[in-house]
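Student: Just so it is clear, I am handing over start.pdb, which has PDB, C-alpha atoms and all ligand atoms.
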MODEL        1
ATOM      1  CA  MET E   1      52.231 107.483  93.103  1.00  0.00           C
ATOM      2  CA  SER E   2      52.341 110.121  95.850  1.00  0.00           C
ATOM      3  CA  HIS E   3      51.185 109.015  99.292  1.00  0.00           C
ATOM      4  CA  PRO E   4      49.237 111.417 101.485  1.00  0.00           C
ATOM      5  CA  SER E   5      51.093 110.714 104.750  1.00  0.00           C
ATOM      6  CA  SER E   6      47.856 110.339 106.737  1.00  0.00           C
ATOM      7  CA  LEU E   7      47.028 107.214 104.740  1.00  0.00           C
ATOM      8  CA  ARG E   8      50.100 105.236 105.875  1.00  0.00           C
ATOM      9  CA  PRO E   9      51.683 104.317 109.240  1.00  0.00           C
ATOM     10  CA  ALA E  10      54.609 106.582 110.205  1.00  0.00           C
ATOM     11  CA  ALA E  11      57.151 103.854 109.406  1.00  0.00           C
ATOM     12  CA  PRO E  12      56.812 100.492 107.649  1.00  0.00           C
ATOM     13  CA  LEU E  13      56.241  97.629 110.053  1.00  0.00           C
ATOM     14  CA  LEU E  14      57.904  94.213 110.161  1.00  0.00           C
ATOM     15  CA  ALA E  15      55.819  91.264 111.358  1.00  0.00           C
ATOM     16  CA  PRO E  16      57.924  88.105 111.778  1.00  0.00           C
ATOM     17  CA  SER E  17      55.816  84.995 111.195  1.00  0.00           C
ATOM     18  CA  LEU E  18      56.022  82.565 114.108  1.00  0.00           C
ATOM     19  CA  LEU E  19      55.308  79.672 111.729  1.00  0.00           C
ATOM     20  CA  SER E  20      59.053  79.555 111.028  1.00  0.00           C
ATOM     21  CA  ALA E  21      60.052  79.919 114.711  1.00  0.00           C
ATOM     22  CA  ASP E  22      61.215  77.140 117.028  1.00  0.00           C
ATOM     23  CA  PHE E  23      57.935  76.075 118.694  1.00  0.00           C
ATOM     24  CA  THR E  24      59.807  74.595 121.655  1.00  0.00           C
ATOM     25  CA  ARG E  25      61.133  78.096 122.473  1.00  0.00           C
ATOM     26  CA  LEU E  26      58.278  80.416 121.517  1.00  0.00           C
ATOM     27  CA  GLY E  27      58.776  82.762 124.488  1.00  0.00           C
ATOM     28  CA  GLU E  28      62.468  83.241 123.669  1.00  0.00           C
ATOM     29  CA  GLU E  29      61.703  83.712 119.971  1.00  0.00           C
ATOM     30  CA  LEU E  30      59.179  86.415 120.881  1.00  0.00           C
ATOM     31  CA  ARG E  31      61.691  88.243 123.064  1.00  0.00           C
ATOM     32  CA  MET E  32      64.326  87.979 120.347  1.00  0.00           C
ATOM     33  CA  ILE E  33      62.192  89.632 117.636  1.00  0.00           C
ATOM     34  CA  GLU E  34      60.913  92.239 120.097  1.00  0.00           C
ATOM     35  CA  THR E  35      64.382  93.335 121.214  1.00  0.00           C
ATOM     36  CA  ALA E  36      65.623  93.240 117.606  1.00  0.00           C
ATOM     37  CA  GLY E  37      63.032  95.888 116.683  1.00  0.00           C
ATOM     38  CA  ALA E  38      60.135  94.056 115.023  1.00  0.00           C
ATOM     39  CA  GLN E  39      56.885  95.893 115.698  1.00  0.00           C
ATOM     40  CA  VAL E  40      54.252  93.159 115.162  1.00  0.00           C
ATOM     41  CA  VAL E  41      53.968  89.366 115.715  1.00  0.00           C
ATOM     42  CA  HIS E  42      52.347  87.422 112.880  1.00  0.00           C
ATOM     43  CA  VAL E  43      50.453  84.258 113.860  1.00  0.00           C
ATOM     44  CA  ASP E  44      49.356  81.812 111.151  1.00  0.00           C
ATOM     45  CA  VAL E  45      46.202  79.904 112.069  1.00  0.00           C
ATOM     46  CA  MET E  46      45.480  77.016 109.673  1.00  0.00           C
ATOM     47  CA  ASP E  47      42.637  74.496 109.838  1.00  0.00           C
ATOM     48  CA  GLY E  48      43.648  71.772 107.376  1.00  0.00           C
ATOM     49  CA  ARG E  49      40.593  72.607 105.267  1.00  0.00           C
ATOM     50  CA  PHE E  50      41.079  76.054 103.765  1.00  0.00           C
ATOM     51  CA  VAL E  51      44.783  75.208 103.467  1.00  0.00           C
ATOM     52  CA  PRO E  52      46.475  71.783 103.554  1.00  0.00           C
ATOM     53  CA  ASN E  53      48.165  72.337 106.906  1.00  0.00           C
ATOM     54  CA  ILE E  54      47.163  72.562 110.579  1.00  0.00           C
ATOM     55  CA  THR E  55      49.013  74.905 112.898  1.00  0.00           C
ATOM     56  CA  ILE E  56      47.886  76.653 116.046  1.00  0.00           C
ATOM     57  CA  GLY E  57      44.686  77.889 117.630  1.00  0.00           C
ATOM     58  CA  LEU E  58      43.122  79.892 120.438  1.00  0.00           C
ATOM     59  CA  PRO E  59      45.030  78.449 123.455  1.00  0.00           C
ATOM     60  CA  VAL E  60      48.382  79.295 121.881  1.00  0.00           C
ATOM     61  CA  VAL E  61      47.210  82.829 121.097  1.00  0.00           C
ATOM     62  CA  GLU E  62      46.169  83.207 124.748  1.00  0.00           C
ATOM     63  CA  SER E  63      49.665  82.149 125.816  1.00  0.00           C
ATOM     64  CA  LEU E  64      51.370  84.444 123.320  1.00  0.00           C
ATOM     65  CA  ARG E  65      49.282  87.318 124.664  1.00  0.00           C
ATOM     66  CA  LYS E  66      50.807  86.777 128.113  1.00  0.00           C
ATOM     67  CA  ALA E  67      54.323  86.666 126.677  1.00  0.00           C
ATOM     68  CA  THR E  68      54.527  89.890 124.634  1.00  0.00           C
ATOM     69  CA  ALA E  69      53.219  93.433 124.514  1.00  0.00           C
ATOM     70  CA  LEU E  70      53.629  93.600 120.728  1.00  0.00           C
ATOM     71  CA  PRO E  71      50.453  93.569 118.620  1.00  0.00           C
ATOM     72  CA  LEU E  72      49.403  90.003 117.773  1.00  0.00           C
ATOM     73  CA  ASP E  73      48.394  89.736 114.129  1.00  0.00           C
ATOM     74  CA  CYS E  74      46.349  86.566 113.562  1.00  0.00           C
ATOM     75  CA  HIS E  75      45.972  85.462 109.955  1.00  0.00           C
ATOM     76  CA  LEU E  76      43.072  83.010 109.866  1.00  0.00           C
ATOM     77  CA  MET E  77      43.445  80.471 107.068  1.00  0.00           C
ATOM     78  CA  ILE E  78      40.222  78.730 108.022  1.00  0.00           C
ATOM     79  CA  VAL E  79      36.827  78.052 106.496  1.00  0.00           C
ATOM     80  CA  GLU E  80      33.814  79.873 107.951  1.00  0.00           C
ATOM     81  CA  PRO E  81      35.947  82.498 109.717  1.00  0.00           C
ATOM     82  CA  LEU E  82      32.856  84.196 111.188  1.00  0.00           C
ATOM     83  CA  ARG E  83      32.640  81.286 113.647  1.00  0.00           C
ATOM     84  CA  TYR E  84      35.986  82.118 115.245  1.00  0.00           C
ATOM     85  CA  ALA E  85      37.175  85.611 114.264  1.00  0.00           C
ATOM     86  CA  ALA E  86      35.888  87.471 117.336  1.00  0.00           C
ATOM     87  CA  GLU E  87      37.118  84.622 119.570  1.00  0.00           C
ATOM     88  CA  PHE E  88      40.647  85.383 118.439  1.00  0.00           C
ATOM     89  CA  VAL E  89      40.239  89.015 119.531  1.00  0.00           C
ATOM     90  CA  ARG E  90      38.983  87.833 122.905  1.00  0.00           C
ATOM     91  CA  ALA E  91      41.985  85.493 123.146  1.00  0.00           C
ATOM     92  CA  GLY E  92      44.314  88.473 122.752  1.00  0.00           C
ATOM     93  CA  ALA E  93      44.726  89.172 119.037  1.00  0.00           C
ATOM     94  CA  ASP E  94      44.974  92.856 118.106  1.00  0.00           C
ATOM     95  CA  TRP E  95      44.617  92.330 114.376  1.00  0.00           C
ATOM     96  CA  VAL E  96      42.581  89.525 112.803  1.00  0.00           C
ATOM     97  CA  SER E  97      42.522  88.893 109.073  1.00  0.00           C
ATOM     98  CA  VAL E  98      40.231  86.525 107.182  1.00  0.00           C
ATOM     99  CA  HIS E  99      40.361  85.250 103.628  1.00  0.00           C
ATOM    100  CA  GLN E 100      37.885  86.670 101.191  1.00  0.00           C
ATOM    101  CA  GLU E 101      37.910  83.287  99.441  1.00  0.00           C
ATOM    102  CA  ALA E 102      36.826  81.509 102.642  1.00  0.00           C
ATOM    103  CA  ASP E 103      34.002  83.787 103.668  1.00  0.00           C
ATOM    104  CA  LEU E 104      30.489  84.050 102.235  1.00  0.00           C
ATOM    105  CA  HIS E 105      29.701  86.853 104.701  1.00  0.00           C
ATOM    106  CA  LEU E 106      32.810  88.979 104.742  1.00  0.00           C
ATOM    107  CA  HIS E 107      31.081  92.258 105.662  1.00  0.00           C
ATOM    108  CA  ARG E 108      29.574  90.593 108.734  1.00  0.00           C
ATOM    109  CA  THR E 109      32.857  88.997 109.785  1.00  0.00           C
ATOM    110  CA  LEU E 110      34.773  92.289 109.525  1.00  0.00           C
ATOM    111  CA  ALA E 111      32.100  93.981 111.655  1.00  0.00           C
ATOM    112  CA  ALA E 112      32.358  91.195 114.258  1.00  0.00           C
ATOM    113  CA  ILE E 113      36.138  91.648 114.542  1.00  0.00           C
ATOM    114  CA  ARG E 114      35.787  95.403 114.988  1.00  0.00           C
ATOM    115  CA  GLN E 115      32.948  95.002 117.456  1.00  0.00           C
ATOM    116  CA  ALA E 116      35.156  92.725 119.572  1.00  0.00           C
ATOM    117  CA  GLY E 117      37.812  95.476 119.593  1.00  0.00           C
ATOM    118  CA  GLY E 118      40.216  94.232 116.926  1.00  0.00           C
ATOM    119  CA  LYS E 119      41.561  95.637 113.697  1.00  0.00           C
ATOM    120  CA  ALA E 120      39.857  93.839 110.830  1.00  0.00           C
ATOM    121  CA  GLY E 121      41.770  92.672 107.773  1.00  0.00           C
ATOM    122  CA  VAL E 122      40.891  90.980 104.486  1.00  0.00           C
ATOM    123  CA  VAL E 123      43.370  88.527 102.937  1.00  0.00           C
ATOM    124  CA  LEU E 124      43.562  87.948  99.200  1.00  0.00           C
ATOM    125  CA  ASN E 125      45.194  84.899  97.639  1.00  0.00           C
ATOM    126  CA  PRO E 126      47.569  85.502  94.720  1.00  0.00           C
ATOM    127  CA  GLY E 127      44.772  84.856  92.194  1.00  0.00           C
ATOM    128  CA  THR E 128      42.137  87.126  93.768  1.00  0.00           C
ATOM    129  CA  PRO E 129      42.027  90.653  92.276  1.00  0.00           C
ATOM    130  CA  VAL E 130      42.191  93.676  94.600  1.00  0.00           C
ATOM    131  CA  GLU E 131      39.247  95.175  92.708  1.00  0.00           C
ATOM    132  CA  THR E 132      36.961  92.663  94.466  1.00  0.00           C
ATOM    133  CA  LEU E 133      37.313  94.860  97.580  1.00  0.00           C
ATOM    134  CA  VAL E 134      35.985  98.145  96.205  1.00  0.00           C
ATOM    135  CA  ASP E 135      32.606  97.812  97.895  1.00  0.00           C
ATOM    136  CA  LEU E 136      34.139  97.071 101.288  1.00  0.00           C
ATOM    137  CA  VAL E 137      36.481 100.071 101.552  1.00  0.00           C
ATOM    138  CA  GLY E 138      35.846 101.593 104.984  1.00  0.00           C
ATOM    139  CA  ASP E 139      34.807  98.251 106.464  1.00  0.00           C
ATOM    140  CA  PHE E 140      38.357  96.918 106.941  1.00  0.00           C
ATOM    141  CA  ASP E 141      41.471  98.343 108.595  1.00  0.00           C
ATOM    142  CA  PHE E 142      43.991  96.513 106.454  1.00  0.00           C
ATOM    143  CA  VAL E 143      44.415  94.229 103.462  1.00  0.00           C
ATOM    144  CA  LEU E 144      46.876  91.331 103.478  1.00  0.00           C
ATOM    145  CA  LEU E 145      48.052  90.405  99.994  1.00  0.00           C
ATOM    146  CA  MET E 146      49.458  86.889  99.768  1.00  0.00           C
ATOM    147  CA  SER E 147      52.629  86.662  97.694  1.00  0.00           C
ATOM    148  CA  VAL E 148      52.600  82.844  97.949  1.00  0.00           C
ATOM    149  CA  ASN E 149      49.750  80.350  98.036  1.00  0.00           C
ATOM    150  CA  PRO E 150      48.893  80.102 101.736  1.00  0.00           C
ATOM    151  CA  GLY E 151      49.699  77.015 103.787  1.00  0.00           C
ATOM    152  CA  PHE E 152      53.449  76.834 104.284  1.00  0.00           C
ATOM    153  CA  GLY E 153      56.464  78.983 105.051  1.00  0.00           C
ATOM    154  CA  GLY E 154      59.574  79.054 102.906  1.00  0.00           C
ATOM    155  CA  GLN E 155      57.937  79.375  99.467  1.00  0.00           C
ATOM    156  CA  SER E 156      59.080  81.588  96.589  1.00  0.00           C
ATOM    157  CA  PHE E 157      57.796  85.144  96.289  1.00  0.00           C
ATOM    158  CA  ILE E 158      55.311  85.729  93.427  1.00  0.00           C
ATOM    159  CA  PRO E 159      56.429  89.089  91.934  1.00  0.00           C
ATOM    160  CA  ARG E 160      53.015  89.955  90.439  1.00  0.00           C
ATOM    161  CA  VAL E 161      51.913  91.002  93.923  1.00  0.00           C
ATOM    162  CA  LEU E 162      53.856  94.246  93.377  1.00  0.00           C
ATOM    163  CA  ASP E 163      51.281  95.365  90.836  1.00  0.00           C
ATOM    164  CA  LYS E 164      48.478  94.433  93.244  1.00  0.00           C
ATOM    165  CA  VAL E 165      50.077  96.579  95.960  1.00  0.00           C
ATOM    166  CA  LYS E 166      50.198  99.535  93.569  1.00  0.00           C
ATOM    167  CA  ARG E 167      46.558  99.083  92.559  1.00  0.00           C
ATOM    168  CA  LEU E 168      45.462  98.857  96.184  1.00  0.00           C
ATOM    169  CA  ASP E 169      47.494 101.939  97.048  1.00  0.00           C
ATOM    170  CA  ALA E 170      45.775 103.793  94.203  1.00  0.00           C
ATOM    171  CA  LEU E 171      42.379 102.693  95.541  1.00  0.00           C
ATOM    172  CA  ARG E 172      43.223 103.985  99.018  1.00  0.00           C
ATOM    173  CA  THR E 173      44.414 107.308  97.618  1.00  0.00           C
ATOM    174  CA  GLU E 174      41.352 107.662  95.380  1.00  0.00           C
ATOM    175  CA  ARG E 175      38.967 106.971  98.295  1.00  0.00           C
ATOM    176  CA  GLY E 176      41.040 108.808 100.938  1.00  0.00           C
ATOM    177  CA  VAL E 177      40.594 105.891 103.348  1.00  0.00           C
ATOM    178  CA  PRO E 178      43.617 105.069 105.540  1.00  0.00           C
ATOM    179  CA  PHE E 179      43.680 101.257 105.480  1.00  0.00           C
ATOM    180  CA  PHE E 180      47.141  99.748 105.524  1.00  0.00           C
ATOM    181  CA  ILE E 181      48.601  97.203 103.137  1.00  0.00           C
ATOM    182  CA  GLN E 182      50.370  94.065 104.334  1.00  0.00           C
ATOM    183  CA  VAL E 183      52.251  91.509 102.197  1.00  0.00           C
ATOM    184  CA  ASP E 184      53.025  87.925 103.207  1.00  0.00           C
ATOM    185  CA  GLY E 185      55.018  85.137 101.600  1.00  0.00           C
ATOM    186  CA  GLY E 186      58.592  84.856 100.393  1.00  0.00           C
ATOM    187  CA  VAL E 187      59.438  88.315 101.748  1.00  0.00           C
ATOM    188  CA  SER E 188      63.188  88.926 101.947  1.00  0.00           C
ATOM    189  CA  LEU E 189      65.787  91.641 101.556  1.00  0.00           C
ATOM    190  CA  LYS E 190      65.526  91.104  97.791  1.00  0.00           C
ATOM    191  CA  ASN E 191      61.953  92.428  97.619  1.00  0.00           C
ATOM    192  CA  ALA E 192      61.306  94.378 100.874  1.00  0.00           C
ATOM    193  CA  GLY E 193      62.323  97.777  99.474  1.00  0.00           C
ATOM    194  CA  ASP E 194      60.315  97.308  96.270  1.00  0.00           C
ATOM    195  CA  LEU E 195      57.220  96.277  98.229  1.00  0.00           C
ATOM    196  CA  VAL E 196      57.359  99.338 100.473  1.00  0.00           C
ATOM    197  CA  ARG E 197      58.051 101.588  97.484  1.00  0.00           C
ATOM    198  CA  ALA E 198      54.937 100.162  95.802  1.00  0.00           C
ATOM    199  CA  GLY E 199      52.818 101.065  98.850  1.00  0.00           C
ATOM    200  CA  ALA E 200      53.130  98.216 101.372  1.00  0.00           C
ATOM    201  CA  ASP E 201      53.101  99.275 105.037  1.00  0.00           C
ATOM    202  CA  CYS E 202      53.663  95.983 106.825  1.00  0.00           C
ATOM    203  CA  LEU E 203      55.718  93.005 105.661  1.00  0.00           C
ATOM    204  CA  VAL E 204      55.395  89.504 107.092  1.00  0.00           C
ATOM    205  CA  ALA E 205      58.597  87.435 107.040  1.00  0.00           C
ATOM    206  CA  GLY E 206      59.029  83.879 108.302  1.00  0.00           C
ATOM    207  CA  ASN E 207      62.066  82.084 106.974  1.00  0.00           C
ATOM    208  CA  ALA E 208      63.895  85.343 106.199  1.00  0.00           C
ATOM    209  CA  VAL E 209      63.927  86.014 109.969  1.00  0.00           C
ATOM    210  CA  PHE E 210      63.834  82.736 111.865  1.00  0.00           C
ATOM    211  CA  LYS E 211      65.937  80.628 109.487  1.00  0.00           C
ATOM    212  CA  ALA E 212      68.607  83.325 109.084  1.00  0.00           C
ATOM    213  CA  ALA E 213      72.090  82.679 110.472  1.00  0.00           C
ATOM    214  CA  ASP E 214      71.481  85.562 112.875  1.00  0.00           C
ATOM    215  CA  PRO E 215      67.760  86.372 113.175  1.00  0.00           C
ATOM    216  CA  ARG E 216      68.456  89.666 115.006  1.00  0.00           C
ATOM    217  CA  ILE E 217      70.592  90.917 112.164  1.00  0.00           C
ATOM    218  CA  ALA E 218      67.932  89.722 109.709  1.00  0.00           C
ATOM    219  CA  VAL E 219      65.334  91.895 111.495  1.00  0.00           C
ATOM    220  CA  THR E 220      67.652  94.920 111.415  1.00  0.00           C
ATOM    221  CA  ASP E 221      68.469  94.379 107.740  1.00  0.00           C
ATOM    222  CA  LEU E 222      64.824  93.944 106.737  1.00  0.00           C
ATOM    223  CA  LEU E 223      63.818  97.099 108.621  1.00  0.00           C
ATOM    224  CA  GLY E 224      66.652  98.939 106.868  1.00  0.00           C
ATOM    225  CA  GLY E 225      65.564  97.656 103.445  1.00  0.00           C
ATOM    226  CA  MET E 226      61.987  98.663 104.154  1.00  0.00           C
ATOM    227  CA  ALA E 227      62.969 102.163 105.322  1.00  0.00           C
ATOM    228  CA  ALA E 228      65.038 102.637 102.150  1.00  0.00           C
ATOM    229  CA  GLY E 229      61.958 101.704 100.107  1.00  0.00           C
ATOM    230  CA  ARG E 230      59.899 104.355 101.913  1.00  0.00           C
ATOM    231  CA  ARG E 231      62.543 107.037 101.248  1.00  0.00           C
ATOM    232  CA  ALA E 232      62.857 106.190  97.547  1.00  0.00           C
TER
HETATM  233  O1  LIG E 301      50.796  82.708 105.776  1.00  0.00           O
HETATM  234  C1  LIG E 301      51.874  82.240 105.509  1.00  0.00           C
HETATM  235  C2  LIG E 301      51.963  80.972 104.768  1.00  0.00           C
HETATM  236  O2  LIG E 301      50.675  80.530 104.494  1.00  0.00           O
HETATM  237  C3  LIG E 301      53.078  82.989 105.852  1.00  0.00           C
HETATM  238  O3  LIG E 301      52.906  83.856 106.966  1.00  0.00           O
HETATM  239  C4  LIG E 301      54.381  82.270 105.958  1.00  0.00           C
HETATM  240  O4  LIG E 301      54.585  81.765 107.236  1.00  0.00           O
HETATM  241  C5  LIG E 301      55.493  83.218 105.595  1.00  0.00           C
HETATM  242  O5  LIG E 301      56.697  82.520 105.588  1.00  0.00           O
HETATM  243  P1  LIG E 301      57.863  82.921 104.592  1.00  0.00           P
HETATM  244  O6  LIG E 301      57.319  82.760 103.188  1.00  0.00           O
HETATM  245  O7  LIG E 301      58.207  84.355 104.876  1.00  0.00           O
HETATM  246  O8  LIG E 301      58.954  81.953 104.923  1.00  0.00           O
ENDMDL
END
Please express what this file holds, its structure, as structure tokens.
Tutor:
Amino acid sequence: MSHPSSLRPAAPLLAPSLLSADFTRLGEELRMIETAGAQVVHVDVMDGRFVPNITIGLPVVESLRKATALPLDCHLMIVEPLRYAAEFVRAGADWVSVHQEADLHLHRTLAAIRQAGGKAGVVLNPGTPVETLVDLVGDFDFVLLMSVNPGFGGQSFIPRVLDKVKRLDALRTERGVPFFIQVDGGVSLKNAGDLVRAGADCLVAGNAVFKAADPRIAVTDLLGGMAAGRRA
């Protein structure tokens, strides 16, 4: 698949997921990933209903906003995301993504995120086909493909997402619409190059960064693996 360069960011982006960070030292963890070269901060918001876990909410996003200049990428794993999506933009999120499976009014929610000034993303669980998005192309800025079932960090990568990335990349090329493709779950050096080669533009990594022996080196290595995938 050839990629018209205008359809992809200049370089692939790494978004460390704070879910795997030390919550007692969030400010230091933010500075660490920023100085190591990560370009985006991924924030997992879970409500204990859409997924079986509860994490963080608006007040923490407001605090993160004060602590970093990097884009805050809030992945909402919540039911009825229309109720809160624009609130996250107002709290300081730059990107807000909502699950297609959680939203009966996805078109409206995406419009609300954009209207509040954010980049609007749709998230697809491993079992949701990318073809379900064909009638929304142009209404979102990015698609987040889950490569694990959402809810927890540290799970194993589901390789079938690679085919979904390729199909989404083909859709973007066919329509000539420059949305970017993000992948989240079990991302590591073992799959980062393949994901970027398939068409991914932004990789989320939790354990592969924060649970590494040296998280700074992990960021450098992941960025290197991703760049190699783009060159291939
Ligand atoms: O959204 C989620 C989990 O639901 C992710 O963002 C995880 O936090 C990624 O962690 P790793 O799989 O990379 O450890």
Student: List all protein, DNA and RNA residues that have an atom no more than 9 Å from any atom of ligand LIG 301 (chain E), counting only C-alpha atoms and all ligand atoms, and report them as a compact mmCIF listing (two decimals) with C-alpha atoms, in the coordinates of the input.
Tutor:
# COMPACT_ATOMS: atom_id res chain seq x y z
CA PRO E 16 57.92 88.10 111.78
CA SER E 17 55.82 85.00 111.20
CA LEU E 18 56.02 82.56 114.11
CA LEU E 19 55.31 79.67 111.73
CA SER E 20 59.05 79.56 111.03
CA HIS E 42 52.35 87.42 112.88
CA VAL E 43 50.45 84.26 113.86
CA ASP E 44 49.36 81.81 111.15
CA VAL E 45 46.20 79.90 112.07
CA MET E 46 45.48 77.02 109.67
CA VAL E 51 44.78 75.21 103.47
CA ASN E 53 48.16 72.34 106.91
CA HIS E 75 45.97 85.46 109.96
CA LEU E 76 43.07 83.01 109.87
CA MET E 77 43.44 80.47 107.07
CA MET E 146 49.46 86.89 99.77
CA SER E 147 52.63 86.66 97.69
CA VAL E 148 52.60 82.84 97.95
CA ASN E 149 49.75 80.35 98.04
CA PRO E 150 48.89 80.10 101.74
CA GLY E 151 49.70 77.02 103.79
CA PHE E 152 53.45 76.83 104.28
CA GLY E 153 56.46 78.98 105.05
CA GLY E 154 59.57 79.05 102.91
CA GLN E 155 57.94 79.38 99.47
CA SER E 156 59.08 81.59 96.59
CA PHE E 157 57.80 85.14 96.29
CA ASP E 184 53.02 87.92 103.21
CA GLY E 185 55.02 85.14 101.60
CA GLY E 186 58.59 84.86 100.39
CA VAL E 187 59.44 88.32 101.75
CA SER E 188 63.19 88.93 101.95
CA VAL E 204 55.40 89.50 107.09
CA ALA E 205 58.60 87.44 107.04
CA GLY E 206 59.03 83.88 108.30
CA ASN E 207 62.07 82.08 106.97
CA ALA E 208 63.90 85.34 106.20
CA VAL E 209 63.93 86.01 109.97
CA PHE E 210 63.83 82.74 111.86
CA LYS E 211 65.94 80.63 109.49
Student: List every protein, DNA or RNA residue that has at least one atom no more than 7 Å from (57.4, 85.0, 121.0) in the file's coordinates, counting all atoms listed in the file, and write the result as number ranges by chain.
Tutor: E: 26-31, 64, 67-68
Student: Hey, what comes out of the PyMOL selection byres (((chain E and resi 178) around 7) and not hetatm) on this file? Could you write it as a ChimeraX atom specification?
Tutor: /E:6-8,172,176-177,179-180
Student: Export, as a PDB file, in the coordinates of the input, the selected residues with C-alpha atoms.
Tutor:
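Writing the result to selection-v2.pdb gives the following:
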ATOM      1  CA  SER E   6      47.856 110.339 106.737  1.00  0.00           C
ATOM      2  CA  LEU E   7      47.028 107.214 104.740  1.00  0.00           C
ATOM      3  CA  ARG E   8      50.100 105.236 105.875  1.00  0.00           C
ATOM      4  CA  ARG E 172      43.223 103.985  99.018  1.00  0.00           C
ATOM      5  CA  GLY E 176      41.040 108.808 100.938  1.00  0.00           C
ATOM      6  CA  VAL E 177      40.594 105.891 103.348  1.00  0.00           C
ATOM      7  CA  PHE E 179      43.680 101.257 105.480  1.00  0.00           C
ATOM      8  CA  PHE E 180      47.141  99.748 105.524  1.00  0.00           C
TER       9      PHE E 180
END
Student: Would you list the contacts of E:Ala86 as a VMD selection string, taking every protein, DNA or RNA residue within 10 Å and counting only C-alpha atoms, but skipping same-chain residues closer than 5 positions in sequence?
Tutor: chain E and resid 81 91 93 96 109 to 118 120
Student: Pick the closest to E:Leu203 from E:Leu133, E:Ala15, E:Leu72, E:Ile217: which is it, counting all atoms listed in the file?
Tutor: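 Going through E:Leu133, E:Ala15, E:Leu72, E:Ile217 one by one, the smallest distance to E:Leu203 is for E:Ala15.
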Student: Which residue, E:Asp141, E:Asp103, E:Asp194, E:Asp135, has the smallest gap to E:Leu162 when you use only C-alpha atoms?
Tutor: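 Of all the options, E:Asp194 lies closest to E:Leu162.
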Student: So what do you get for atom CA of E:Gln182 versus atom CA of E:Thr55, distance-wise?
Tutor: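 It comes out at 21.0 Å.
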Student: Missing atoms in stretch 77-89 of chain E need filling: write out N, CA and C atoms for it as a CSV table (one decimal), keeping the file's coordinate frame.
Tutor:
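Final file, selection-v4.csv:
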chain,number,residue,atom,x,y,z
E,77,MET,N,43.6,81.2,108.3
E,77,MET,CA,43.4,80.5,107.1
E,77,MET,C,42.5,79.3,107.4
E,78,ILE,N,41.2,79.7,107.6
E,78,ILE,CA,40.2,78.7,108.0
E,78,ILE,C,38.9,79.0,107.3
E,79,VAL,N,38.2,77.9,107.1
E,79,VAL,CA,36.8,78.1,106.5
E,79,VAL,C,35.9,78.6,107.5
E,80,GLU,N,34.8,79.3,107.1
E,80,GLU,CA,33.8,79.9,108.0
E,80,GLU,C,34.4,80.7,109.1
E,81,PRO,N,35.2,81.7,108.7
E,81,PRO,CA,35.9,82.5,109.7
E,81,PRO,C,35.0,83.2,110.7
E,82,LEU,N,33.8,83.5,110.3
E,82,LEU,CA,32.9,84.2,111.2
E,82,LEU,C,32.7,83.4,112.5
E,83,ARG,N,32.8,82.1,112.4
E,83,ARG,CA,32.6,81.3,113.6
E,83,ARG,C,33.7,81.6,114.7
E,84,TYR,N,34.9,82.0,114.3
E,84,TYR,CA,36.0,82.1,115.2
E,84,TYR,C,36.6,83.5,115.3
E,85,ALA,N,36.4,84.4,114.4
E,85,ALA,CA,37.2,85.6,114.3
E,85,ALA,C,37.1,86.4,115.6
E,86,ALA,N,36.0,86.7,116.1
E,86,ALA,CA,35.9,87.5,117.3
E,86,ALA,C,36.5,86.7,118.5
E,87,GLU,N,36.5,85.4,118.5
E,87,GLU,CA,37.1,84.6,119.6
E,87,GLU,C,38.6,84.9,119.6
E,88,PHE,N,39.2,85.1,118.5
E,88,PHE,CA,40.6,85.4,118.4
E,88,PHE,C,40.9,86.7,119.1
E,89,VAL,N,40.1,87.7,118.9
E,89,VAL,CA,40.2,89.0,119.5
E,89,VAL,C,40.1,88.8,121.0
